[in-house]
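Source file coords02.txt; content: compact mmCIF, C-alpha atoms and all ligand atoms.
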```
# COMPACT_ATOMS: atom_id res chain seq x y z
CA MET A 11 24.69 -17.67 3.68
CA ARG A 12 24.04 -19.36 0.36
CA GLY A 13 21.17 -21.74 -0.44
CA SER A 14 18.14 -22.22 1.76
CA GLY A 15 19.72 -23.84 4.80
CA GLY A 16 21.55 -21.01 6.55
CA GLU A 17 20.88 -17.73 8.27
CA VAL A 18 19.75 -14.69 6.33
CA SER A 19 21.13 -11.41 7.58
CA LEU A 20 20.69 -9.04 4.61
CA ILE A 21 17.73 -8.94 2.25
CA LEU A 22 17.58 -7.05 -1.05
CA GLY A 23 14.00 -5.99 -1.90
CA ILE A 24 12.90 -4.92 -5.38
CA GLU A 25 9.56 -3.28 -6.22
CA THR A 26 8.35 -2.34 -9.72
CA SER A 27 4.63 -3.19 -9.66
CA CYS A 28 3.38 0.22 -10.79
CA ASP A 29 5.20 3.48 -11.44
CA ASP A 30 7.89 3.61 -8.76
CA THR A 31 11.20 1.80 -9.19
CA GLY A 32 12.28 0.68 -5.72
CA ALA A 33 15.26 -1.16 -4.25
CA ALA A 34 16.03 -1.59 -0.55
CA VAL A 35 18.46 -3.35 1.74
CA VAL A 36 16.89 -4.55 5.01
CA GLY A 37 18.48 -6.47 7.89
CA ALA A 38 16.94 -9.57 9.45
CA ASP A 39 16.03 -7.40 12.46
CA MET A 40 13.82 -5.46 9.98
CA GLY A 41 16.03 -2.40 10.28
CA VAL A 42 16.11 -0.56 6.95
CA ARG A 43 19.70 -0.01 5.77
CA ALA A 44 18.67 1.72 2.50
CA ASN A 45 15.36 2.37 0.77
CA VAL A 46 15.63 3.98 -2.65
CA VAL A 47 12.53 4.95 -4.64
CA GLY A 48 12.94 6.27 -8.16
CA SER A 49 9.64 8.09 -8.65
CA GLN A 50 8.16 8.37 -12.15
CA GLU A 51 5.64 11.00 -11.09
CA ILE A 52 7.06 13.54 -13.52
CA VAL A 53 6.66 11.09 -16.45
CA HIS A 54 3.01 10.28 -15.78
CA ARG A 55 1.78 13.60 -14.41
CA ARG A 56 1.17 15.17 -17.81
CA HIS A 57 -1.02 12.17 -18.76
CA GLY A 58 -3.11 12.43 -15.57
CA GLY A 59 -2.39 8.81 -14.61
CA VAL A 60 0.06 5.94 -15.00
CA VAL A 61 0.74 4.97 -18.64
CA PRO A 62 1.78 1.27 -18.49
CA GLU A 63 4.06 1.36 -21.55
CA LEU A 64 5.95 4.41 -20.26
CA ALA A 65 6.18 2.88 -16.77
CA SER A 66 7.86 -0.34 -17.91
CA ARG A 67 10.26 1.54 -20.18
CA ARG A 68 11.28 3.83 -17.32
CA HIS A 69 11.69 0.85 -14.95
CA SER A 70 14.10 -0.74 -17.45
CA GLU A 71 16.22 2.44 -17.44
CA ASN A 72 16.09 2.88 -13.66
CA ILE A 73 16.33 -0.59 -12.20
CA ILE A 74 20.11 -1.11 -12.23
CA PRO A 75 20.99 2.44 -11.00
CA VAL A 76 18.34 2.15 -8.25
CA ILE A 77 19.69 -1.23 -7.05
CA ASP A 78 23.27 0.13 -7.17
CA ALA A 79 22.19 3.19 -5.17
CA ALA A 80 20.50 1.05 -2.49
CA VAL A 81 23.53 -1.20 -2.06
CA GLU A 82 25.88 1.79 -1.90
CA GLU A 83 23.68 3.68 0.55
CA ALA A 84 23.51 0.60 2.79
CA GLY A 85 27.31 0.46 2.78
CA VAL A 86 27.38 -3.17 1.66
CA ARG A 87 28.42 -5.08 -1.45
CA LEU A 88 26.04 -7.07 -3.63
CA ALA A 89 27.97 -10.17 -2.58
CA ASP A 90 26.80 -9.56 1.03
CA ILE A 91 23.11 -10.06 0.09
CA ASP A 92 21.64 -13.35 1.42
CA LEU A 93 18.13 -13.21 -0.05
CA VAL A 94 16.54 -11.42 -3.03
CA ALA A 95 12.82 -10.58 -2.67
CA VAL A 96 10.74 -9.06 -5.46
CA THR A 97 7.10 -8.15 -6.04
CA ARG A 98 5.38 -10.89 -8.04
CA GLY A 99 1.96 -9.21 -8.28
CA PRO A 100 -0.58 -7.70 -8.36
CA GLY A 101 0.43 -4.92 -10.71
CA LEU A 102 1.12 -3.96 -14.30
CA VAL A 103 2.59 -6.93 -16.15
CA GLY A 104 5.25 -4.97 -18.05
CA SER A 105 6.36 -3.20 -14.86
CA LEU A 106 6.41 -6.36 -12.73
CA LEU A 107 8.53 -8.17 -15.34
CA VAL A 108 11.36 -5.64 -15.16
CA GLY A 109 11.87 -6.10 -11.40
CA PHE A 110 11.29 -9.84 -11.59
CA VAL A 111 13.89 -10.46 -14.28
CA ALA A 112 16.42 -8.26 -12.47
CA ALA A 113 15.79 -10.10 -9.16
CA LYS A 114 16.12 -13.55 -10.70
CA GLY A 115 19.30 -12.61 -12.54
CA LEU A 116 20.82 -11.24 -9.33
CA ALA A 117 19.81 -14.23 -7.22
CA TRP A 118 21.21 -16.60 -9.82
CA SER A 119 24.49 -14.77 -10.19
CA LEU A 120 24.93 -14.35 -6.41
CA GLY A 121 23.92 -17.95 -5.78
CA CYS A 122 21.40 -16.87 -3.15
CA PRO A 123 17.70 -17.72 -2.67
CA PHE A 124 14.93 -15.81 -4.42
CA VAL A 125 11.33 -15.14 -3.29
CA GLY A 126 8.36 -13.66 -5.19
CA VAL A 127 6.19 -11.54 -2.90
CA ASN A 128 2.52 -10.55 -2.88
CA HIS A 129 2.42 -6.73 -2.99
CA VAL A 130 -0.70 -6.61 -0.77
CA ALA A 131 1.05 -8.61 1.97
CA ALA A 132 4.13 -6.43 1.52
CA HIS A 133 2.12 -3.30 2.38
CA LEU A 134 1.23 -4.92 5.73
CA TRP A 135 4.78 -5.99 6.49
CA ALA A 136 5.80 -2.32 6.12
CA ALA A 137 4.42 -2.06 9.66
CA VAL A 138 7.39 -3.97 11.13
CA LEU A 139 10.14 -1.93 9.42
CA ASP A 140 12.39 -0.04 11.83
CA SER A 141 9.87 -0.79 14.58
CA GLY A 142 11.96 -3.01 16.83
CA HIS A 143 9.31 -5.74 16.61
CA PRO A 144 9.93 -8.01 13.61
CA GLN A 145 6.47 -9.66 13.84
CA LEU A 146 3.05 -8.26 13.01
CA PRO A 147 0.94 -7.95 16.18
CA SER A 148 -1.74 -10.61 16.57
CA PRO A 149 -4.70 -11.07 16.69
CA ALA A 150 -5.21 -7.98 14.52
CA VAL A 151 -7.55 -6.44 12.02
CA CYS A 152 -5.54 -5.09 9.09
CA LEU A 153 -6.79 -2.36 6.79
CA ILE A 154 -4.91 -2.19 3.49
CA VAL A 155 -5.79 0.99 1.61
CA SER A 156 -3.96 1.87 -1.58
CA GLY A 157 -4.53 2.90 -5.18
CA GLY A 158 -5.46 -0.66 -6.09
CA HIS A 159 -6.74 -2.12 -2.81
CA THR A 160 -9.15 -1.57 0.03
CA GLU A 161 -9.18 -4.72 2.10
CA LEU A 162 -9.87 -5.80 5.66
CA ILE A 163 -7.97 -8.86 6.82
CA HIS A 164 -8.03 -10.70 10.12
CA TYR A 165 -4.49 -11.73 11.07
CA ARG A 166 -4.18 -14.47 13.67
CA ASP A 167 -1.86 -17.39 14.37
CA GLY A 168 0.43 -16.17 11.58
CA ARG A 169 -2.27 -16.40 8.90
CA GLY A 170 -4.57 -13.97 7.11
CA PHE A 171 -8.35 -14.32 6.78
CA TYR A 172 -10.22 -12.06 4.36
CA LEU A 173 -13.06 -10.08 5.95
CA GLY A 174 -14.10 -7.76 3.13
CA GLY A 175 -13.00 -5.34 0.46
CA THR A 176 -14.13 -2.81 -2.08
CA ARG A 177 -16.78 -3.78 -4.58
CA ASP A 178 -15.72 -1.11 -7.05
CA ASP A 179 -13.06 1.60 -6.74
CA ALA A 180 -10.22 1.35 -4.24
CA ALA A 181 -10.00 4.21 -1.74
CA GLY A 182 -6.85 5.63 -3.38
CA GLU A 183 -8.50 5.38 -6.79
CA ALA A 184 -11.41 7.45 -5.45
CA TYR A 185 -8.93 10.03 -4.11
CA ASP A 186 -7.20 10.18 -7.49
CA LYS A 187 -10.51 10.56 -9.37
CA VAL A 188 -11.76 13.30 -7.05
CA ALA A 189 -8.40 15.07 -7.46
CA ARG A 190 -8.77 14.98 -11.25
CA LEU A 191 -12.32 16.30 -10.96
CA LEU A 192 -11.09 19.21 -8.85
CA GLY A 193 -8.13 19.88 -11.15
CA LEU A 194 -5.56 18.94 -8.49
CA GLY A 195 -3.32 16.83 -10.73
CA PHE A 196 -1.68 13.45 -10.22
CA PRO A 197 -1.16 11.65 -7.89
CA GLY A 198 -4.27 13.00 -6.28
CA GLY A 199 -4.33 11.59 -2.74
CA PRO A 200 -1.71 13.87 -1.19
CA ALA A 201 -3.18 16.95 -2.98
CA VAL A 202 -6.75 16.24 -1.77
CA ASP A 203 -5.36 15.57 1.73
CA ARG A 204 -3.49 18.91 1.83
CA LEU A 205 -6.39 20.94 0.45
CA ALA A 206 -8.90 19.25 2.79
CA ALA A 207 -6.66 19.87 5.81
CA SER A 208 -6.48 23.58 4.95
CA TYR A 209 -10.28 24.00 4.89
CA ARG A 210 -12.00 25.34 8.00
CA GLY A 211 -15.71 25.78 7.14
CA PRO A 212 -18.90 23.75 7.19
CA LEU A 213 -18.84 20.47 5.26
CA LEU A 214 -21.27 19.23 2.62
CA GLU A 215 -23.33 16.19 3.60
CA LEU A 216 -22.04 13.43 1.36
CA PRO A 217 -23.15 9.78 1.46
CA ARG A 218 -21.18 7.17 3.43
CA PRO A 219 -21.68 4.18 1.09
CA MET A 220 -22.12 0.78 2.78
CA MET A 221 -21.25 2.18 6.20
CA ASP A 222 -24.13 0.33 7.83
CA SER A 223 -24.20 -2.69 5.50
CA GLY A 224 -23.35 -5.10 8.33
CA ASP A 225 -20.55 -6.71 6.31
CA PHE A 226 -16.99 -5.53 5.76
CA ASP A 227 -17.23 -4.54 2.12
CA PHE A 228 -16.73 -1.02 0.77
CA SER A 229 -17.92 0.98 -2.23
CA PHE A 230 -16.34 4.26 -3.28
CA SER A 231 -17.59 4.90 -6.81
CA GLY A 232 -20.92 6.36 -5.60
CA LEU A 233 -19.08 8.76 -3.31
CA LYS A 234 -16.95 9.98 -6.22
CA THR A 235 -20.15 10.54 -8.25
CA ALA A 236 -21.69 12.43 -5.31
CA VAL A 237 -18.65 14.74 -5.31
CA ALA A 238 -19.04 15.29 -9.07
CA LEU A 239 -22.71 16.21 -8.58
CA ALA A 240 -21.96 18.50 -5.65
CA ALA A 241 -19.27 20.23 -7.74
CA GLU A 242 -22.03 21.37 -10.12
CA SER A 243 -23.67 23.51 -7.45
CA ASP A 244 -21.01 24.18 -4.80
CA ARG A 245 -19.23 27.10 -6.49
CA ASP A 246 -16.97 29.84 -5.16
CA ALA A 247 -17.25 33.58 -5.86
CA ALA A 248 -15.48 33.14 -9.22
CA GLY A 249 -17.98 30.48 -10.30
CA GLU A 250 -15.44 27.66 -9.96
CA PRO A 251 -16.12 24.45 -7.95
CA ASN A 252 -15.39 25.11 -4.28
CA ALA A 253 -12.43 22.73 -4.29
CA PRO A 254 -11.35 23.06 -0.62
CA ARG A 255 -14.87 22.32 0.71
CA LEU A 256 -15.45 19.52 -1.81
CA ALA A 257 -12.08 17.94 -0.95
CA ALA A 258 -12.71 18.20 2.80
CA SER A 259 -16.25 16.83 2.52
CA PHE A 260 -15.09 13.90 0.38
CA GLN A 261 -12.22 13.16 2.77
CA ALA A 262 -14.50 13.27 5.81
CA ALA A 263 -16.92 10.78 4.20
CA ALA A 264 -14.23 8.40 2.89
CA VAL A 265 -12.32 8.34 6.18
CA ASP A 266 -15.52 7.95 8.18
CA VAL A 267 -16.42 4.78 6.26
CA LEU A 268 -12.90 3.35 6.48
CA VAL A 269 -12.56 3.95 10.24
CA THR A 270 -16.10 2.88 11.18
CA LYS A 271 -15.90 -0.40 9.30
CA THR A 272 -12.39 -1.20 10.51
CA LEU A 273 -13.38 -0.68 14.15
CA ALA A 274 -16.55 -2.74 13.64
CA ALA A 275 -14.45 -5.55 12.14
CA ALA A 276 -12.04 -5.43 15.10
CA GLU A 277 -14.95 -5.73 17.50
CA ARG A 278 -16.60 -8.54 15.53
CA VAL A 279 -13.51 -10.79 15.42
CA GLY A 280 -12.19 -9.85 18.87
CA ALA A 281 -8.96 -8.30 17.56
CA GLU A 282 -6.52 -6.76 20.03
CA HIS A 283 -4.59 -4.73 17.48
CA LEU A 284 -5.21 -2.62 14.43
CA VAL A 285 -2.72 -2.54 11.54
CA MET A 286 -3.16 -0.01 8.75
CA ALA A 287 -1.01 0.18 5.61
CA GLY A 288 -0.91 1.18 1.93
CA GLY A 289 -0.64 4.58 0.24
CA VAL A 290 -3.88 5.96 1.70
CA ALA A 291 -2.61 5.12 5.21
CA ALA A 292 -0.44 8.22 4.68
CA ASN A 293 -3.62 10.29 4.88
CA SER A 294 -3.55 12.83 7.71
CA LEU A 295 -7.21 12.56 8.74
CA LEU A 296 -7.22 8.76 8.59
CA ARG A 297 -4.09 8.57 10.77
CA GLU A 298 -5.49 11.15 13.20
CA ARG A 299 -8.77 9.27 13.58
CA VAL A 300 -7.29 5.82 14.14
CA GLU A 301 -4.73 7.27 16.54
CA ARG A 302 -7.59 8.75 18.54
CA GLU A 303 -10.10 5.93 18.34
CA ALA A 304 -8.02 2.73 18.52
CA PRO A 305 -6.74 3.32 22.10
CA ARG A 306 -10.28 4.24 23.23
CA ARG A 307 -11.33 0.74 22.27
CA GLY A 308 -8.32 -0.89 23.87
CA LEU A 309 -6.74 -1.66 20.50
CA GLY A 310 -2.98 -1.53 19.97
CA LEU A 311 -2.15 0.46 16.86
CA CYS A 312 0.49 -0.40 14.31
CA VAL A 313 0.82 2.03 11.39
CA PRO A 314 4.03 2.43 9.35
CA PRO A 315 5.64 5.85 9.11
CA ILE A 316 4.39 7.75 6.04
CA HIS A 317 7.46 6.96 3.91
CA TYR A 318 6.78 3.21 4.21
CA CYS A 319 3.02 3.55 3.42
CA THR A 320 3.35 4.29 -0.30
CA ASP A 321 5.05 1.78 -2.61
CA ASN A 322 8.62 0.97 -1.63
CA ALA A 323 11.01 -1.96 -1.74
CA ALA A 324 11.78 -2.16 1.99
CA MET A 325 8.30 -3.58 2.60
CA VAL A 326 8.96 -6.16 -0.13
CA ALA A 327 12.16 -7.20 1.62
CA ALA A 328 10.24 -7.56 4.91
CA ALA A 329 7.49 -9.68 3.35
CA GLY A 330 10.09 -11.69 1.44
CA TYR A 331 12.01 -12.50 4.61
CA ARG A 332 8.78 -13.64 6.24
CA ARG A 333 7.84 -15.78 3.21
CA PHE A 334 11.30 -17.33 3.06
CA GLY A 335 11.05 -18.27 6.75
CA LEU A 336 7.65 -19.89 6.19
CA LEU A 337 8.05 -21.56 2.81
CA GLY A 338 11.71 -21.43 1.79
CA ALA A 339 12.97 -20.17 -1.55
CA ASP A 340 10.87 -19.90 -4.70
CA SER A 341 11.98 -21.49 -7.94
CA LEU A 342 13.67 -19.32 -10.56
CA SER A 343 11.02 -20.65 -12.95
CA MET A 344 8.31 -18.72 -11.03
CA ASP A 345 6.53 -16.10 -13.14
CA VAL A 346 4.90 -12.76 -12.33
CA ASP A 347 1.16 -12.81 -11.55
CA PRO A 348 -0.45 -9.43 -12.40
CA SER A 349 -3.77 -10.44 -10.78
CA LEU A 350 -2.34 -12.04 -7.63
CA GLY A 351 -4.71 -11.25 -4.76
CA VAL A 352 -5.63 -12.70 -1.41
CA ARG A 353 -7.91 -15.68 -0.86
CA ARG A 354 -11.47 -14.40 -0.42
CA ASP A 355 -13.44 -17.51 0.50
CA GLY A 356 -12.76 -17.21 4.23
CA GLY A 357 -9.98 -19.83 4.19
CA GLY A 358 -6.62 -18.79 5.62
CA PHE A 359 -3.62 -17.67 3.60
CA ASP A 360 0.04 -17.15 4.41
CA LEU A 361 0.85 -13.63 5.36
O1 LIG B 1 0.30 1.97 -2.02
P1 LIG B 1 0.44 2.91 -3.14
O2 LIG B 1 1.70 3.74 -3.24
O3 LIG B 1 0.29 2.21 -4.52
C1 LIG B 1 -0.61 1.14 -4.73
O4 LIG B 1 -0.26 0.00 -4.39
O5 LIG B 1 -1.71 1.47 -5.21
O6 LIG B 1 -0.83 3.86 -3.06
C2 LIG B 1 -0.99 4.92 -3.95
C3 LIG B 1 -2.32 5.57 -3.63
C4 LIG B 1 -2.70 6.63 -4.65
O7 LIG B 1 -4.04 6.43 -5.02
C5 LIG B 1 -2.50 7.92 -3.87
O8 LIG B 1 -3.36 8.96 -4.32
C6 LIG B 1 -2.86 7.47 -2.47
O9 LIG B 1 -2.27 6.19 -2.35
N1 LIG B 1 -2.31 8.37 -1.44
C7 LIG B 1 -3.08 9.09 -0.59
C8 LIG B 1 -2.19 9.87 0.20
N2 LIG B 1 -0.91 9.59 -0.19
C9 LIG B 1 -1.01 8.66 -1.20
N3 LIG B 1 -4.40 9.15 -0.44
C10 LIG B 1 -4.90 9.98 0.50
N4 LIG B 1 -4.12 10.76 1.28
C11 LIG B 1 -2.78 10.74 1.16
N5 LIG B 1 -2.02 11.52 1.95
ZN ZN B 2 1.06 -0.50 -3.32
```
This structure in structure tokens:
Amino acid sequence: MRGSGGEVSLILGIETSCDDTGAAVVGADMGVRANVVGSQEIVHRRHGGVVPELASRRHSENIIPVIDAAVEEAGVRLADIDLVAVTRGPGLVGSLLVGFVAAKGLAWSLGCPFVGVNHVAAHLWAAVLDSGHPQLPSPAVCLIVSGGHTELIHYRDGRGFYLGGTRDDAAGEAYDKVARLLGLGFPGGPAVDRLAASYRGPLLELPRPMMDSGDFDFSFSGLKTAVALAAESDRDAAGEPNAPRLAASFQAAAVDVLVTKTLAAAERVGAEHLVMAGGVAANSLLRERVEREAPRRGLGLCVPPIHYCTDNAAMVAAAGYRRFGLLGADSLSMDVDPSLGVRRDGGGFDL
């Protein structure tokens, strides 16, 4: 189809909000035909974090080969694409611009509609990919946990309602900072997760910030500081910080807060489902705990497979298809919005 009147059967998604260059081809049934992620981990690792200037330069080099690879892997031609969806924000401005310009150019040259997608919403829509159910379950409480976000959203009647979020560091940011503290490198979440999972001893008692605050906000910077303090005294036989115990104790505290508050939110709003997404939703303990505790409370659970939790373009295609169905195409004069977020005043927003 061409223009905004007809049926969409193939969506091209493009994601360049941070340090991964992603392109994906997704069918209207939300089946993923190809999902290519060009990781820049090797570029940023030696700097201990993402360097924005290096990220945008690498996106510029990667974007065309990554799109070509996705189209080839899907076994389609560019001319078969009916809709181009790209991350509009939030993210690094220089990185976002590379994907945005590529997406607009493609949509223009193919004569097909274009949509700019909120990256936070895209993480949630990852939950429908390859699942056989193209809609998010409703009414649901959604926990979005990534390197930039820790948010609880109530999803009902096709709309999102903000319940709470972090007041300082995002959960993934706390993981990355604890990893740096323990000398585990970048990105830190998977390394802390692995080390914590390998530890089998007693845990340190670390604080669970805001766990009983009665609202649905989070705070992780105090927990990171508590780990730094504990690392001063919790040493192994060689006099080094006891990294496995520190990692496991941090993980236990962080996951405890995330799960307790999410379940409390579900109870408060009368949700019937729990959706969890974002990079930290790949965490083994977090997945294990929600898988155990959601059914006990009669909650349906919807969590994407690990490879759709971290940044990827298939989730952008899914969110773009949803947005196109709700609002139609965006104008090619639309710009990126590095600080795009979700409405926090309790009013509903499209999701
Ligand atoms: O969603 P994502 O790929 O990018 C953002 O939108 O931020 O999330 C990346 C974050 C990083 O902070 C990374 O350390 C964390 O997700 N992460 C994890 C795990 N895998 C990735 N955190 C804890 N456990 C994991 N297994
Ligand atoms: Zn993300």
7 Å shell around ligand ZN 2 (chain B) using all atoms listed in the file, listed as an NGL selection string = :A and (129-130 or 133 or 156-157 or 288-289 or 320-321)
Could I get the residues of chain A with an atom no further than 8 Å from an atom of ligand LIG 1 (chain B), each paired with its nearest atom pair and that distance in Å to one decimal, using only C-alpha atoms and all ligand atoms, sorted by chain and residue number, as a tab-separated table?
```
residue	atom	partner	partner_atom	distance
A:Ser27	CA	B:LIG1	O4	7.9
A:Cys28	CA	B:LIG1	O3	7.3
A:His129	CA	B:LIG1	O4	7.4
A:Val130	CA	B:LIG1	O4	7.5
A:His133	CA	B:LIG1	O1	7.1
A:Val155	CA	B:LIG1	O1	7.2
A:Ser156	CA	B:LIG1	O6	4.0
A:Gly157	CA	B:LIG1	O5	3.2
A:Gly158	CA	B:LIG1	O5	4.4
A:His159	CA	B:LIG1	O5	6.6
A:Ala181	CA	B:LIG1	O7	7.2
A:Gly182	CA	B:LIG1	O7	3.4
A:Glu183	CA	B:LIG1	O7	4.9
A:Ala184	CA	B:LIG1	O7	7.5
A:Tyr185	CA	B:LIG1	O8	5.7
A:Asp186	CA	B:LIG1	O8	5.1
A:Phe196	CA	B:LIG1	O8	7.6
A:Pro197	CA	B:LIG1	O8	5.0
A:Gly198	CA	B:LIG1	O8	4.6
A:Gly199	CA	B:LIG1	O8	3.2
A:Pro200	CA	B:LIG1	N5	3.9
A:Ala201	CA	B:LIG1	N5	7.4
A:Val202	CA	B:LIG1	N4	6.8
A:Asp203	CA	B:LIG1	N4	5.0
A:Arg204	CA	B:LIG1	N5	7.5
A:Ala287	CA	B:LIG1	O1	7.9
A:Gly288	CA	B:LIG1	O1	4.2
A:Gly289	CA	B:LIG1	O6	3.4
A:Val290	CA	B:LIG1	N3	3.9
A:Ala291	CA	B:LIG1	C8	6.9
A:Ala292	CA	B:LIG1	N5	4.6
A:Asn293	CA	B:LIG1	N5	3.6
A:Ser294	CA	B:LIG1	N5	6.1
A:Cys319	CA	B:LIG1	O1	6.3
A:Thr320	CA	B:LIG1	O2	3.4
A:Asp321	CA	B:LIG1	O2	3.9
A:Asn322	CA	B:LIG1	O2	7.6
```
query = From the list A:Glu250, A:His143, A:Ala323, A:Asp227, which residue is nearest Val76 of chain A when using only C-alpha atoms?
reply =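 The answer is A:Ala323, which sits nearest to Val76 of chain A.
In this comparison, which uses only C-alpha atoms, the residue of A:Gly48, A:Gly85, A:Pro251, A:Gly126 approaching Gly99 of chain A most closely is A:Gly126.
Nearest to Thr272 of chain A of all the residues A:Val125, A:Val313, A:Ala132, A:Val285 is A:Val285, counting all atoms listed in the file.
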key: Residue among A:Pro254, A:Pro348, A:Pro212, A:Gly174 lying closest to Leu102 of chain A, counting only C-alpha atoms   = A:Pro348
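You will find atom CA of Arg177 of chain A at 20.8 Å from atom CA of Gly358 of chain A.
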query = With only C-alpha atoms as the basis for distance, which of A:Gly308, A:Gly101, A:Pro217, A:Gly335 is at the shortest distance from Ala264 of chain A?
reply =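 Checking each of A:Gly308, A:Gly101, A:Pro217, A:Gly335 against Ala264 of chain A, counting only C-alpha atoms, the winner is A:Pro217.
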task = Check the smallest atom-to-atom distance from each of A:Ala112, A:Ala304, A:Ala84, A:Ala38 to Gln145 of chain A using only C-alpha atoms, then report the winner.
result =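 The closest residue to Gln145 of chain A is A:Ala38.
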task = Give me, please, the distance in Å between atom CA of Gly115 of chain A and atom CA of Val36 of chain A, quoted to one decimal.
result =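 It comes out at 19.5 Å.
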Atomic distance atom CA of Val127 of chain A - atom CA of Thr97 of chain A, expressed in Å with one decimal =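 Distance reported for this atom pair: 4.7 Å.
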Find the nearest atom pair between each residue of segment 246-290 of chain A and segment 161-167 of chain A for residues within 9 Å, count all atoms listed in the file, give distances in Å to one decimal, sort rows by chain and ascending number, and present the table as CSV.
```
residue,atom,partner,partner_atom,distance
A:Lys271,CA,A:Leu162,CA,8.9
A:Thr272,CA,A:Leu162,CA,7.1
A:Ala275,CA,A:Leu162,CA,7.9
A:Ala276,CA,A:His164,CA,8.3
A:Val279,CA,A:His164,CA,7.6
A:Ala281,CA,A:His164,CA,7.9
```
message = Using all atoms listed in the file, list the residues that have an atom at most 10 Å from (-3.0, 0.2, 20.8), coordinates as in the file, as number ranges by chain.
response = A: 282-285, 300-312
Could you save those same residues with C-alpha atoms as a PDB file, in the frame of the given file?
```pdb
ATOM      1  CA  GLU A 282      -6.520  -6.760  20.030  1.00  0.00           C
ATOM      2  CA  HIS A 283      -4.590  -4.730  17.480  1.00  0.00           C
ATOM      3  CA  LEU A 284      -5.210  -2.620  14.430  1.00  0.00           C
ATOM      4  CA  VAL A 285      -2.720  -2.540  11.540  1.00  0.00           C
ATOM      5  CA  VAL A 300      -7.290   5.820  14.140  1.00  0.00           C
ATOM      6  CA  GLU A 301      -4.730   7.270  16.540  1.00  0.00           C
ATOM      7  CA  ARG A 302      -7.590   8.750  18.540  1.00  0.00           C
ATOM      8  CA  GLU A 303     -10.100   5.930  18.340  1.00  0.00           C
ATOM      9  CA  ALA A 304      -8.020   2.730  18.520  1.00  0.00           C
ATOM     10  CA  PRO A 305      -6.740   3.320  22.100  1.00  0.00           C
ATOM     11  CA  ARG A 306     -10.280   4.240  23.230  1.00  0.00           C
ATOM     12  CA  ARG A 307     -11.330   0.740  22.270  1.00  0.00           C
ATOM     13  CA  GLY A 308      -8.320  -0.890  23.870  1.00  0.00           C
ATOM     14  CA  LEU A 309      -6.740  -1.660  20.500  1.00  0.00           C
ATOM     15  CA  GLY A 310      -2.980  -1.530  19.970  1.00  0.00           C
ATOM     16  CA  LEU A 311      -2.150   0.460  16.860  1.00  0.00           C
ATOM     17  CA  CYS A 312       0.490  -0.400  14.310  1.00  0.00           C
TER      18      CYS A 312
END
```
task = Show which residues sit within 12 Å of Ala65 of chain A, as a PyMOL selection string. Count only C-alpha atoms, and ignore same-chain residues fewer than 5 positions away.
result = chain A and resi 26-31+48-55+57+59-60+70-73+101-109
Residues near Val35 of chain A, cut-off 8 Å, only C-alpha atoms, skip fewer than 2 positions along chain, as an mmCIF file with C-alpha atoms, keeping the file's coordinate frame:
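Resulting contents of selection.cif:
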```
data_model
loop_
_atom_site.group_PDB
_atom_site.id
_atom_site.type_symbol
_atom_site.label_atom_id
_atom_site.label_comp_id
_atom_site.auth_asym_id
_atom_site.auth_seq_id
_atom_site.Cartn_x
_atom_site.Cartn_y
_atom_site.Cartn_z
ATOM 1 C CA LEU A 20 20.690 -9.040 4.610
ATOM 2 C CA ILE A 21 17.730 -8.940 2.250
ATOM 3 C CA LEU A 22 17.580 -7.050 -1.050
ATOM 4 C CA GLY A 23 14.000 -5.990 -1.900
ATOM 5 C CA ALA A 33 15.260 -1.160 -4.250
ATOM 6 C CA GLY A 37 18.480 -6.470 7.890
ATOM 7 C CA VAL A 42 16.110 -0.560 6.950
ATOM 8 C CA ARG A 43 19.700 -0.010 5.770
ATOM 9 C CA ALA A 44 18.670 1.720 2.500
ATOM 10 C CA ASN A 45 15.360 2.370 0.770
ATOM 11 C CA ALA A 80 20.500 1.050 -2.490
ATOM 12 C CA VAL A 81 23.530 -1.200 -2.060
ATOM 13 C CA ALA A 84 23.510 0.600 2.790
ATOM 14 C CA ALA A 324 11.780 -2.160 1.990
ATOM 15 C CA ALA A 327 12.160 -7.200 1.620
#
```
